[in-house]
Amino acid sequence: MTNRENRQIIEKFLEEHRFFRLNPEDLYFFEQEMLPSITPEGNLILKDETHLFVNPNGHGGSLKAIFKSGILKTLMERDVTELFYCQADNPLVKVADPVFLGYHNMENAEMSLKVLRRRDGLEKVGIYGTVNGKPAVIEYSDLLPEEISAVDEKGRLKYWPGSIAIHIFSLPFIRRLNERGFALPYHRAVKSAAGLGMDNKLCQMPAWKFETFVFDALPLAQKVCCMETI
């Protein structure tokens, strides 16, 4: 998945490296949507005199983008049934882990995730659990310090499953979400942006960027599987 600002750069890089020996016919490029960033006061930010400052809509945007681009349909026509998902900045991922895929299929899950046992209460990682009786990943920033570091009667972390952003999706699940018009919640990220100031000159300013997260699809799945990685 790319966005309109980096697609050409990514495609050129892969072409220069001969797609790292992958078959180009098996590679699909698609773009996620962009969202306007705002100031803490709620004002839009101008990138220049005619364009708003925008940011990609987060990795949750992949679930809509793969459908709107037509790639989901193409994959299903090629008899692909599952989608393995991971973050680009994790070089240790065991891509298409056969044990993980086998567990996902054995349980007829619509969405699955891998977790690692958190090392301590200070580790900044999303926590897998249940919210209102449904499976979910809760961002560590959405929890109170005493909740993050809570322990049981044996002194072990109470909320130990840390999500490592590795998932499997069934393609019919992604199709159903889009056909029913699903919407994932937005999460705010406090950043800075280069926008036009009051003097019409570029300057760095505080910015709120809004993103969707792919793990927020967990409560929408009829069956979820979680596998701990040792």
# chains A, B, ... in the order shown; residues from 1 in each chain; ligands from 1
>>> residues_around(residues="stretch 209-226 of chain A", least_positions_apart="3", cutoff="7 Å", atoms="only C-alpha atoms", output="JSON, numbers by chain")
{"A": [37, 38, 55, 57, 58, 59, 60, 61, 104, 109, 110, 111, 112, 113, 114, 134, 135, 136, 137, 184, 185, 186, 187, 188, 189, 190, 191]}
>>> residues_around(residues="A:Ile66", least_positions_apart="6", cutoff="12 Å", atoms="only C-alpha atoms", output="ChimeraX atom specification")
/A:1-2,28-33,59-60,72-76,83,171,174-175,177-178
>>> write_last_selection(atoms="C-alpha atoms", output="mmCIF file, in the first residue's frame")
data_model
loop_
_atom_site.group_PDB
_atom_site.id
_atom_site.type_symbol
_atom_site.label_atom_id
_atom_site.label_comp_id
_atom_site.auth_asym_id
_atom_site.auth_seq_id
_atom_site.Cartn_x
_atom_site.Cartn_y
_atom_site.Cartn_z
ATOM 1 C CA MET A 1 0.000 0.000 0.000
ATOM 2 C CA THR A 2 1.243 3.456 -0.921
ATOM 3 C CA TYR A 28 -0.082 -4.896 -6.760
ATOM 4 C CA PHE A 29 0.180 -1.220 -5.874
ATOM 5 C CA PHE A 30 -2.732 0.714 -4.449
ATOM 6 C CA GLU A 31 -3.144 4.042 -2.681
ATOM 7 C CA GLN A 32 -4.716 4.780 0.654
ATOM 8 C CA GLU A 33 -6.817 7.889 1.172
ATOM 9 C CA HIS A 59 -2.918 1.509 8.159
ATOM 10 C CA GLY A 60 -6.623 0.986 8.776
ATOM 11 C CA LEU A 72 -9.455 -7.556 -3.618
ATOM 12 C CA LYS A 73 -11.622 -8.736 -6.510
ATOM 13 C CA THR A 74 -8.527 -9.662 -8.520
ATOM 14 C CA LEU A 75 -7.099 -11.689 -5.642
ATOM 15 C CA MET A 76 -10.351 -13.566 -5.123
ATOM 16 C CA LEU A 83 -4.403 -11.884 3.296
ATOM 17 C CA LEU A 171 -10.836 -11.907 1.953
ATOM 18 C CA ILE A 174 -12.818 -7.599 3.944
ATOM 19 C CA ARG A 175 -15.392 -7.718 1.152
ATOM 20 C CA LEU A 177 -16.981 -4.938 5.582
ATOM 21 C CA ASN A 178 -16.850 -2.782 2.463
#
>>> atom_distance(atom1="atom CA of A:Leu157", atom2="atom CA of A:Arg118")
7.8 Å
>>> residues_around(residues="A:Phe84", least_positions_apart="3", cutoff="12 Å", atoms="only C-alpha atoms", output="CSV table (one decimal) with C-alpha atoms, in the first residue's frame")
chain,number,residue,atom,x,y,z
A,80,VAL,CA,-6.6,-16.3,-2.9
A,81,THR,CA,-8.6,-16.7,0.3
A,87,GLN,CA,4.0,-3.4,9.0
A,93,VAL,CA,8.3,-10.8,10.5
A,94,LYS,CA,8.0,-14.4,9.4
A,95,VAL,CA,5.9,-13.5,6.3
A,96,ALA,CA,3.1,-16.0,5.6
A,97,ASP,CA,4.0,-18.0,8.7
A,98,PRO,CA,2.5,-21.4,7.8
A,100,PHE,CA,-0.1,-18.9,11.9
A,101,LEU,CA,-2.0,-19.4,8.6
A,104,HIS,CA,-6.3,-19.2,11.4
A,110,GLU,CA,-12.1,-14.0,9.8
A,111,MET,CA,-9.2,-12.1,11.4
A,112,SER,CA,-6.3,-13.3,13.5
A,113,LEU,CA,-3.4,-11.6,15.3
A,114,LYS,CA,0.0,-12.5,16.8
A,165,ALA,CA,0.8,-5.7,14.2
A,166,ILE,CA,0.8,-9.1,12.4
A,167,HIS,CA,-2.6,-10.2,11.1
A,168,ILE,CA,-4.4,-12.5,8.8
A,169,PHE,CA,-7.7,-11.5,7.1
A,170,SER,CA,-10.0,-13.6,5.2
A,171,LEU,CA,-10.8,-11.9,2.0
>>> select_by_dssp(residues="stretch 148-210 of chain A", states="strand (DSSP E)", output="PyMOL selection string")
chain A and resi 161-170+187-196+202-210
>>> closest_residue(among="A:Pro172, A:Gly121, A:Gly133, A:Gly126", to="A:Gly155", atoms="only C-alpha atoms")
A:Gly121
>>> select_by_dssp(residues="stretch 11-72 of chain A", states="helix (DSSP H, G or I)", output="PyMOL selection string")
chain A and resi 11-16+18-21+24-26+59-68+71-72
>>> closest_residue(among="A:Leu63, A:Ile71, A:Ala194, A:Ala88", to="A:Phe173", atoms="only C-alpha atoms")
A:Leu63
>>> residues_around(residues="A:Pro36", least_positions_apart="2", cutoff="12 Å", atoms="only C-alpha atoms", output="list in words")
Glu33, Met34, Ile38, Thr39, Gly42, Asn43, Leu44, Ile45, Leu46, Lys47, His51, Leu52, Phe53, Val54, Asn55, Pro56, Asn57, Ala193, Gly195, Ala207, Trp208, Lys209, Phe210 and Glu211 of chain A
